[in-house]
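run_5.txt, holding compact mmCIF, C-alpha atoms (C1' of nucleotides):
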```txt
# COMPACT_ATOMS: atom_id res chain seq x y z
CA MET A 2 12.45 13.97 3.04
CA ALA A 3 9.24 15.85 2.56
CA GLU A 4 10.48 17.19 -0.77
CA LYS A 5 7.60 18.00 -2.99
CA TYR A 6 7.10 15.76 -5.94
CA GLU A 7 5.66 16.41 -9.33
CA ILE A 8 2.81 14.07 -10.07
CA ASP A 9 0.47 14.42 -12.99
CA SER A 10 -3.21 13.72 -13.32
CA THR A 11 -2.64 10.08 -14.23
CA ASP A 12 -0.65 9.57 -11.04
CA LYS A 13 -3.40 11.24 -9.09
CA LYS A 14 -6.05 9.01 -10.60
CA ILE A 15 -3.98 5.94 -9.81
CA ILE A 16 -3.51 7.04 -6.21
CA LYS A 17 -7.20 7.77 -5.83
CA LEU A 18 -8.21 4.38 -7.18
CA LEU A 19 -5.71 2.53 -5.02
CA GLU A 20 -6.78 4.43 -1.94
CA LYS A 21 -10.28 3.09 -2.49
CA ASP A 22 -9.15 -0.44 -3.28
CA ALA A 23 -5.52 -1.41 -3.00
CA ARG A 24 -6.17 -4.71 -4.74
CA MET A 25 -7.75 -3.32 -7.86
CA PRO A 26 -6.18 -5.08 -10.86
CA PHE A 27 -3.88 -2.87 -12.90
CA LEU A 28 -5.78 -3.77 -16.05
CA GLU A 29 -9.03 -2.57 -14.54
CA MET A 30 -7.37 0.69 -13.51
CA ALA A 31 -5.98 0.96 -17.02
CA ARG A 32 -9.45 0.65 -18.52
CA LYS A 33 -10.87 3.24 -16.13
CA ILE A 34 -8.10 5.74 -16.73
CA GLY A 35 -7.66 5.09 -20.41
CA VAL A 36 -4.05 3.94 -20.59
CA SER A 37 -2.42 0.55 -20.94
CA GLY A 38 -1.82 -1.89 -18.11
CA GLY A 39 1.91 -1.55 -18.61
CA THR A 40 1.68 2.17 -17.97
CA ILE A 41 -0.13 1.63 -14.69
CA HIS A 42 2.57 -0.80 -13.69
CA GLN A 43 5.34 1.67 -14.50
CA ARG A 44 3.60 4.54 -12.73
CA VAL A 45 2.98 2.55 -9.58
CA GLU A 46 6.63 1.45 -9.51
CA LYS A 47 7.73 5.06 -9.87
CA LEU A 48 5.40 6.22 -7.11
CA LYS A 49 6.80 3.53 -4.84
CA GLU A 50 10.39 4.41 -5.64
CA ALA A 51 9.65 8.06 -4.99
CA GLY A 52 8.31 7.08 -1.58
CA ILE A 53 4.88 8.48 -2.32
CA ILE A 54 3.21 5.09 -2.10
CA ILE A 55 4.63 3.69 1.12
CA GLY A 56 2.68 0.48 1.33
CA SER A 57 -0.81 -0.91 1.50
CA SER A 58 -3.09 -2.37 4.07
CA ILE A 59 -6.53 -3.81 4.54
CA LYS A 60 -9.09 -2.01 6.66
CA VAL A 61 -10.26 -4.14 9.54
CA ASP A 62 -13.34 -3.62 11.69
CA TYR A 63 -11.60 -4.06 15.01
CA ALA A 64 -14.85 -3.61 16.89
CA LYS A 65 -16.00 -6.93 15.43
CA LEU A 66 -12.88 -8.52 16.82
CA GLY A 67 -13.57 -7.14 20.26
CA HIS A 68 -11.45 -3.98 20.19
CA GLY A 69 -14.13 -1.36 19.90
CA VAL A 70 -12.82 1.56 21.92
CA VAL A 71 -10.49 4.23 20.61
CA VAL A 72 -8.84 6.64 23.01
CA LEU A 73 -6.84 9.71 22.18
CA LEU A 74 -4.36 10.40 24.92
CA GLY A 75 -2.53 13.67 25.47
CA LEU A 76 0.78 13.21 27.25
CA HIS A 77 2.67 15.67 29.42
CA LEU A 78 6.29 14.80 30.06
CA VAL A 79 8.32 15.58 33.13
CA ASN A 80 11.12 16.70 30.85
CA ALA A 81 10.73 17.37 27.14
CA ARG A 82 14.22 15.98 26.59
CA ASP A 83 13.00 12.45 27.34
CA ILE A 84 10.68 12.29 24.38
CA HIS A 85 12.63 9.69 22.44
CA LYS A 86 12.87 7.42 25.43
CA VAL A 87 9.11 7.69 25.82
CA ILE A 88 8.45 6.98 22.16
CA ASP A 89 10.63 3.87 22.34
CA LYS A 90 8.55 2.55 25.18
CA LEU A 91 5.24 3.47 23.58
CA GLU A 92 6.22 1.76 20.36
CA LYS A 93 6.35 -1.60 22.08
CA MET A 94 2.82 -1.39 23.43
CA ASP A 95 0.28 -3.30 21.38
CA GLU A 96 -2.55 -0.93 22.24
CA ILE A 97 -0.83 2.09 20.70
CA VAL A 98 -1.44 2.46 16.98
CA GLU A 99 -0.50 6.08 16.27
CA ALA A 100 1.52 8.82 17.93
CA TYR A 101 2.12 12.44 17.01
CA TYR A 102 4.58 15.02 18.17
CA THR A 103 2.52 18.08 18.84
CA THR A 104 3.06 21.70 19.57
CA GLY A 105 1.11 23.34 22.32
CA ASP A 106 -0.39 21.62 25.30
CA TYR A 107 0.96 18.13 24.91
CA ALA A 108 4.34 16.73 24.05
CA LEU A 109 2.67 13.78 22.37
CA ILE A 110 -0.79 12.68 21.40
CA VAL A 111 -1.27 8.95 20.96
CA LYS A 112 -4.16 6.94 19.60
CA ILE A 113 -4.85 3.66 21.28
CA MET A 114 -7.30 0.85 20.64
CA VAL A 115 -8.64 -1.24 23.50
CA LYS A 116 -11.31 -3.85 24.09
CA ASP A 117 -13.38 -1.83 26.53
CA ILE A 118 -13.15 0.69 29.31
CA ASN A 119 -11.74 -1.86 31.72
CA HIS A 120 -8.99 -2.69 29.33
CA PHE A 121 -8.28 1.00 28.96
CA HIS A 122 -8.08 1.41 32.69
CA GLU A 123 -5.63 -1.46 33.00
CA PHE A 124 -3.57 -0.06 30.16
CA LEU A 125 -3.44 3.38 31.70
CA ILE A 126 -2.47 2.18 35.15
CA GLY A 127 -0.36 -0.81 34.19
CA LYS A 128 1.52 0.58 31.23
CA ILE A 129 1.31 4.33 30.77
CA GLN A 130 1.66 5.30 34.40
CA MET A 131 4.65 2.95 34.67
CA ILE A 132 6.62 5.26 32.39
CA LYS A 133 8.26 7.62 34.84
CA GLU A 134 9.10 10.19 32.16
CA ILE A 135 5.37 10.80 31.69
CA GLN A 136 4.08 13.37 34.11
CA SER A 137 0.36 13.22 33.41
CA THR A 138 -2.16 12.32 30.76
CA GLU A 139 -5.51 13.47 29.52
CA SER A 140 -7.92 10.99 27.94
CA PHE A 141 -10.44 11.50 25.16
CA ILE A 142 -12.46 8.34 24.85
CA SER A 143 -14.24 7.69 21.58
CA LEU A 144 -16.95 5.14 21.17
CA LYS A 145 -17.41 5.82 17.50
CA GLN A 146 -15.43 7.06 14.54
CA VAL A 147 -17.80 9.09 12.39
CA ILE A 148 -15.50 10.11 9.54
CA ASP A 149 -12.71 8.08 7.96
CA LYS A 150 -11.54 8.94 4.50
CA SER A 151 -8.47 9.58 2.40
CA LEU A 152 -7.04 12.97 1.68
CA ASN A 153 -8.08 14.41 -1.65
CA VAL A 154 -4.69 15.27 -3.17
CA MET B 16 -23.21 -4.61 14.49
CA ALA B 17 -20.14 -4.94 16.62
CA GLU B 18 -20.98 -8.59 17.26
CA LYS B 19 -17.88 -10.51 18.16
CA TYR B 20 -16.69 -12.99 15.64
CA GLU B 21 -14.84 -16.23 15.99
CA ILE B 22 -11.67 -16.17 14.00
CA ASP B 23 -8.99 -18.82 14.23
CA SER B 24 -5.23 -18.58 13.98
CA THR B 25 -5.28 -18.95 10.19
CA ASP B 26 -7.63 -15.98 9.88
CA LYS B 27 -5.38 -14.00 12.18
CA LYS B 28 -2.32 -14.79 10.10
CA ILE B 29 -4.14 -13.77 6.94
CA ILE B 30 -5.24 -10.48 8.48
CA LYS B 31 -1.74 -9.79 9.73
CA LEU B 32 -0.18 -10.42 6.33
CA LEU B 33 -2.75 -8.30 4.51
CA GLU B 34 -2.33 -5.47 6.99
CA LYS B 35 1.33 -5.38 6.05
CA ASP B 36 0.71 -5.70 2.32
CA ALA B 37 -2.79 -5.71 0.94
CA ARG B 38 -1.56 -6.77 -2.49
CA MET B 39 0.28 -9.86 -1.35
CA PRO B 40 -0.66 -12.69 -3.73
CA PHE B 41 -2.88 -15.33 -2.16
CA LEU B 42 -0.44 -18.03 -3.26
CA GLU B 43 2.40 -16.33 -1.44
CA MET B 44 0.27 -16.09 1.68
CA ALA B 45 -0.61 -19.74 1.24
CA ARG B 46 3.05 -20.71 1.17
CA LYS B 47 3.83 -18.62 4.24
CA ILE B 48 0.93 -19.97 6.26
CA GLY B 49 1.10 -23.53 5.02
CA VAL B 50 -2.30 -23.97 3.40
CA SER B 51 -3.49 -23.95 -0.21
CA GLY B 52 -4.25 -20.90 -2.25
CA GLY B 53 -7.87 -21.92 -2.50
CA THR B 54 -8.14 -21.91 1.27
CA ILE B 55 -6.77 -18.38 1.50
CA HIS B 56 -9.28 -17.31 -1.08
CA GLN B 57 -12.17 -18.87 0.86
CA ARG B 58 -11.04 -17.38 4.15
CA VAL B 59 -10.64 -13.90 2.75
CA GLU B 60 -14.12 -14.08 1.22
CA LYS B 61 -15.55 -15.14 4.56
CA LEU B 62 -13.76 -12.35 6.40
CA LYS B 63 -15.16 -9.86 3.91
CA GLU B 64 -18.70 -11.24 4.20
CA ALA B 65 -18.45 -11.08 7.97
CA GLY B 66 -17.51 -7.42 7.67
CA ILE B 67 -14.17 -7.94 9.38
CA ILE B 68 -12.21 -6.96 6.30
CA ILE B 69 -13.90 -3.75 5.20
CA GLY B 70 -11.65 -2.76 2.35
CA SER B 71 -8.09 -1.93 1.50
CA SER B 72 -6.02 1.11 0.79
CA ILE B 73 -2.53 2.21 -0.07
CA LYS B 74 -0.51 4.30 2.37
CA VAL B 75 0.54 7.60 0.85
CA ASP B 76 3.22 9.95 2.10
CA TYR B 77 1.13 13.10 1.90
CA ALA B 78 4.03 15.24 3.07
CA LYS B 79 5.76 14.43 -0.24
CA LEU B 80 2.68 15.72 -2.02
CA GLY B 81 2.75 18.95 -0.09
CA HIS B 82 0.31 18.17 2.71
CA GLY B 83 2.70 17.73 5.58
CA VAL B 84 0.83 19.10 8.55
CA VAL B 85 -1.60 17.11 10.66
CA VAL B 86 -3.80 18.89 13.18
CA LEU B 87 -6.01 17.35 15.81
CA LEU B 88 -8.86 19.65 16.57
CA GLY B 89 -11.09 19.44 19.61
CA LEU B 90 -14.53 20.93 19.02
CA HIS B 91 -16.92 22.44 21.52
CA LEU B 92 -20.48 22.83 20.30
CA VAL B 93 -22.94 25.49 21.28
CA ASN B 94 -25.54 22.78 21.67
CA ALA B 95 -24.77 19.07 21.81
CA ARG B 96 -27.97 18.39 19.93
CA ASP B 97 -26.48 19.84 16.74
CA ILE B 98 -23.81 17.22 16.43
CA HIS B 99 -25.21 15.54 13.34
CA LYS B 100 -25.58 18.82 11.54
CA VAL B 101 -21.95 19.55 12.33
CA ILE B 102 -20.75 16.14 11.16
CA ASP B 103 -22.59 16.61 7.87
CA LYS B 104 -20.76 19.85 7.27
CA LEU B 105 -17.39 18.47 8.34
CA GLU B 106 -17.77 15.49 6.05
CA LYS B 107 -17.74 17.71 3.01
CA MET B 108 -14.45 19.37 3.86
CA ASP B 109 -11.48 17.94 2.02
CA GLU B 110 -9.08 18.69 4.82
CA ILE B 111 -10.90 16.52 7.34
CA VAL B 112 -9.88 12.88 7.21
CA GLU B 113 -11.10 11.48 10.52
CA ALA B 114 -13.60 12.43 13.20
CA TYR B 115 -14.46 10.86 16.54
CA TYR B 116 -17.32 11.32 18.94
CA THR B 117 -15.70 11.68 22.30
CA THR B 118 -16.68 11.72 25.90
CA GLY B 119 -15.29 14.37 28.15
CA ASP B 120 -14.03 17.76 27.11
CA TYR B 121 -14.93 17.81 23.46
CA ALA B 122 -18.02 16.82 21.53
CA LEU B 123 -15.84 15.85 18.60
CA ILE B 124 -12.19 15.44 17.81
CA VAL B 125 -11.25 15.67 14.15
CA LYS B 126 -8.02 14.99 12.36
CA ILE B 127 -7.19 17.26 9.48
CA MET B 128 -4.38 17.35 6.93
CA VAL B 129 -3.20 20.65 5.51
CA LYS B 130 -0.34 21.95 3.39
CA ASP B 131 1.15 24.22 6.01
CA ILE B 132 0.31 26.51 8.87
CA ASN B 133 -1.10 29.14 6.55
CA HIS B 134 -3.42 26.65 5.00
CA PHE B 135 -4.46 25.60 8.48
CA HIS B 136 -5.19 29.17 9.43
CA GLU B 137 -7.32 29.69 6.35
CA PHE B 138 -9.13 26.45 7.02
CA LEU B 139 -9.85 27.38 10.62
CA ILE B 140 -11.10 30.85 9.83
CA GLY B 141 -12.72 30.17 6.50
CA LYS B 142 -14.38 26.85 7.16
CA ILE B 143 -14.52 25.80 10.80
CA GLN B 144 -15.43 29.16 12.23
CA MET B 145 -18.14 29.49 9.61
CA ILE B 146 -20.07 26.66 11.27
CA LYS B 147 -22.23 28.50 13.73
CA GLU B 148 -23.01 25.36 15.75
CA ILE B 149 -19.34 25.19 16.76
CA GLN B 150 -18.66 27.29 19.81
CA SER B 151 -14.88 27.02 20.02
CA THR B 152 -11.96 24.83 19.06
CA GLU B 153 -8.64 23.77 20.43
CA SER B 154 -5.79 22.88 18.06
CA PHE B 155 -3.01 20.37 18.45
CA ILE B 156 -0.65 20.79 15.57
CA SER B 157 1.59 17.88 14.67
CA LEU B 158 4.61 18.20 12.45
CA LYS B 159 5.45 14.52 12.57
CA GLN B 160 3.73 11.22 13.11
CA VAL B 161 6.14 9.03 15.05
CA ILE B 162 4.11 5.82 15.35
CA ASP B 163 1.77 4.30 12.77
CA LYS B 164 0.98 0.62 12.95
CA SER B 165 -1.83 -1.88 12.87
CA LEU B 166 -3.51 -3.31 15.90
CA ASN B 167 -2.20 -6.69 16.94
CA VAL B 168 -5.42 -8.69 17.15
C1' DA C 19 3.39 4.95 -23.49
C1' DT C 20 2.24 0.71 -25.94
C1' DT C 21 2.52 -4.00 -27.34
C1' DG C 22 2.86 -8.75 -26.75
C1' DA C 23 4.63 -12.93 -24.58
C1' DA C 24 5.85 -15.71 -20.51
C1' DA C 25 5.25 -16.40 -15.78
C1' DT C 26 2.31 -16.05 -12.13
C1' DC C 27 -2.04 -15.61 -10.05
C1' DA C 28 -7.30 -15.72 -8.94
C1' DT C 29 -11.17 -18.25 -9.01
C1' DT C 30 -14.20 -22.07 -9.07
C1' DA C 31 -15.69 -26.78 -9.14
C1' DG C 32 -15.28 -31.31 -7.67
C1' DC C 33 -12.91 -34.58 -4.56
C1' DG C 34 -11.79 -36.37 -0.13
C1' DA C 35 -10.78 -36.29 5.01
C1' DT D 16 -17.77 -28.70 7.16
C1' DC D 17 -13.41 -27.61 5.70
C1' DG D 18 -9.30 -27.92 2.97
C1' DC D 19 -7.06 -29.69 -1.24
C1' DT D 20 -6.11 -30.20 -6.27
C1' DA D 21 -6.58 -29.13 -10.91
C1' DA D 22 -8.06 -26.39 -14.78
C1' DT D 23 -9.12 -22.00 -16.95
C1' DG D 24 -9.17 -17.30 -17.65
C1' DA D 25 -7.13 -13.04 -15.92
C1' DT D 26 -3.27 -10.52 -14.35
C1' DT D 27 1.48 -9.13 -13.57
C1' DT D 28 5.78 -8.29 -15.32
C1' DC D 29 9.26 -7.15 -18.53
C1' DA D 30 11.62 -6.46 -22.81
C1' DA D 31 11.35 -4.34 -27.22
C1' DT D 32 9.49 -0.65 -29.86
```
Serialized structure, structure tokens:
Amino acid sequence: MAEKYEIDSTDKKIIKLLEKDARMPFLEMARKIGVSGGTIHQRVEKLKEAGIIIGSSIKVDYAKLGHGVVVLLGLHLVNARDIHKVIDKLEKMDEIVEAYYTTGDYALIVKIMVKDINHFHEFLIGKIQMIKEIQSTESFISLKQVIDKSLNV
Amino acid sequence: MAEKYEIDSTDKKIIKLLEKDARMPFLEMARKIGVSGGTIHQRVEKLKEAGIIIGSSIKVDYAKLGHGVVVLLGLHLVNARDIHKVIDKLEKMDEIVEAYYTTGDYALIVKIMVKDINHFHEFLIGKIQMIKEIQSTESFISLKQVIDKSLNV
DNA sequence: ATTGAAATCATTAGCGA
DNA sequence: TCGCTAATGATTTCAAT
């Protein structure tokens, strides 16, 4: 994995368009890029096979659904060896949406989404602090995401 | 904004399916959920109007395109009042894909994607440290994202 | 990479619970 | 009000070039 892949400017344009709108019709993309719809279809299939396009998803305003608080949580483990056990447990928690192995201060940094500060408190005490392999945590509470965009490849 | 919205179980099922695959045909969703295609269409339109569905995007394996390193960066500002000026500058940088206002230690936490550690170094010295409103930074380098999922609403 | 044809889908209007 | 059906135009998909 992580082998570099050769993509040309047409592939790049396709990726850029689909990052903005995953449901854009292939024929519309074709008109914008200046190739045929069949070509778009072939290119997208190739990008999927190559594992460059992994999937697609809608963007949801979770705040409108009552989950407005994002918290970044740095985790210290008792023993670095337990990291996979910890990840297994974290994976099952609904509040956790992302997790990163990191170098430096923390073994892991996780991103969680919760309804409010009370919910966060309950989550921290009732779920995170129940994992005995976790020694301590540091919380960075965010009330607003100010930038959210796709990488310009 | 951030008003709560009443969504029923059909809306939830639609959101869940589209989070897994934004290009899923409405008729396929209709068959899975047990309603007509027209109903899916109406519901999706309503969810968009309500601002719950904001957009859609493909998921790209950026590591395969040579941008394999994610860094979370905590920023300390010289003066908290300058935060909007800083955000404006950050917004223009290709490497920065997300940014959060946070309480506590940092004024901002940003997520960046870079090719490798050298690229990160150049970015830090050549771009971040050029912003005079930023006092100091702390870096959390991630070589692997181990969890990435959608919130279970 | 394009073309063209067949299957499938999106979209809308009108009907009915 | 909400969901369904039916009809049309657009799109996806694939084989042949």
Interatomic distance (Å, one decimal) between CA of Leu88 (chain B) and CA of His136 (chain B): 12.5 Å
Residue hits in chain A, query chain D, radius 8 Å, all atoms listed in the file, as a PyMOL selection string: chain A and resi 26-28
Let me have the centre and edge lengths of the axis-aligned box enclosing all listed atoms of region 42-56 of chain B with 8 Å padding on every side, in Å to one decimal, as AutoDock Vina command-line options.
```
--center_x -2.7 --center_y -20.0 --center_z 1.5 --size_x 29.1 --size_y 23.9 --size_z 25.5
```
Atom-to-atom span, CA of Gln150 (chain B) and CA of Lys100 (chain B), Å: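 Distance reported for this atom pair: 13.7 Å.
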Report as a Markdown table: every residue of chain B with an atom at most 12 Å from chain C, its closest pair of atoms, and their distance in Å to one decimal, counting only C-alpha atoms (C1' of nucleotides), with rows sorted by chain and ascending residue number.
```
| residue | atom | partner | partner_atom | distance |
| --- | --- | --- | --- | --- |
| B:Arg38 | CA | C:DC27 | C1' | 11.6 |
| B:Met39 | CA | C:DC27 | C1' | 10.7 |
| B:Pro40 | CA | C:DC27 | C1' | 7.1 |
| B:Phe41 | CA | C:DC27 | C1' | 7.9 |
| B:Leu42 | CA | C:DC27 | C1' | 7.4 |
| B:Glu43 | CA | C:DC27 | C1' | 9.7 |
| B:Met44 | CA | C:DC27 | C1' | 12.0 |
| B:Gly52 | CA | C:DA28 | C1' | 9.0 |
| B:Gly53 | CA | C:DT29 | C1' | 8.2 |
| B:Thr54 | CA | C:DT29 | C1' | 11.3 |
| B:Ile55 | CA | C:DA28 | C1' | 10.8 |
| B:His56 | CA | C:DT29 | C1' | 8.2 |
| B:Gln57 | CA | C:DT29 | C1' | 9.9 |
| B:Glu60 | CA | C:DT29 | C1' | 11.4 |
```
Interface residues on chain A facing chain B, 8 Å, all atoms listed in the file, written as a PyMOL selection string: chain A and resi 2-7+16+19-24+52-67+69+88+92+95-107+114+141-154
Distance in Å - CA of Phe138 (chain B) versus CA of Leu90 (chain B):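 Pair CA of Phe138 (chain B) / CA of Leu90 (chain B) returns 14.3 Å.
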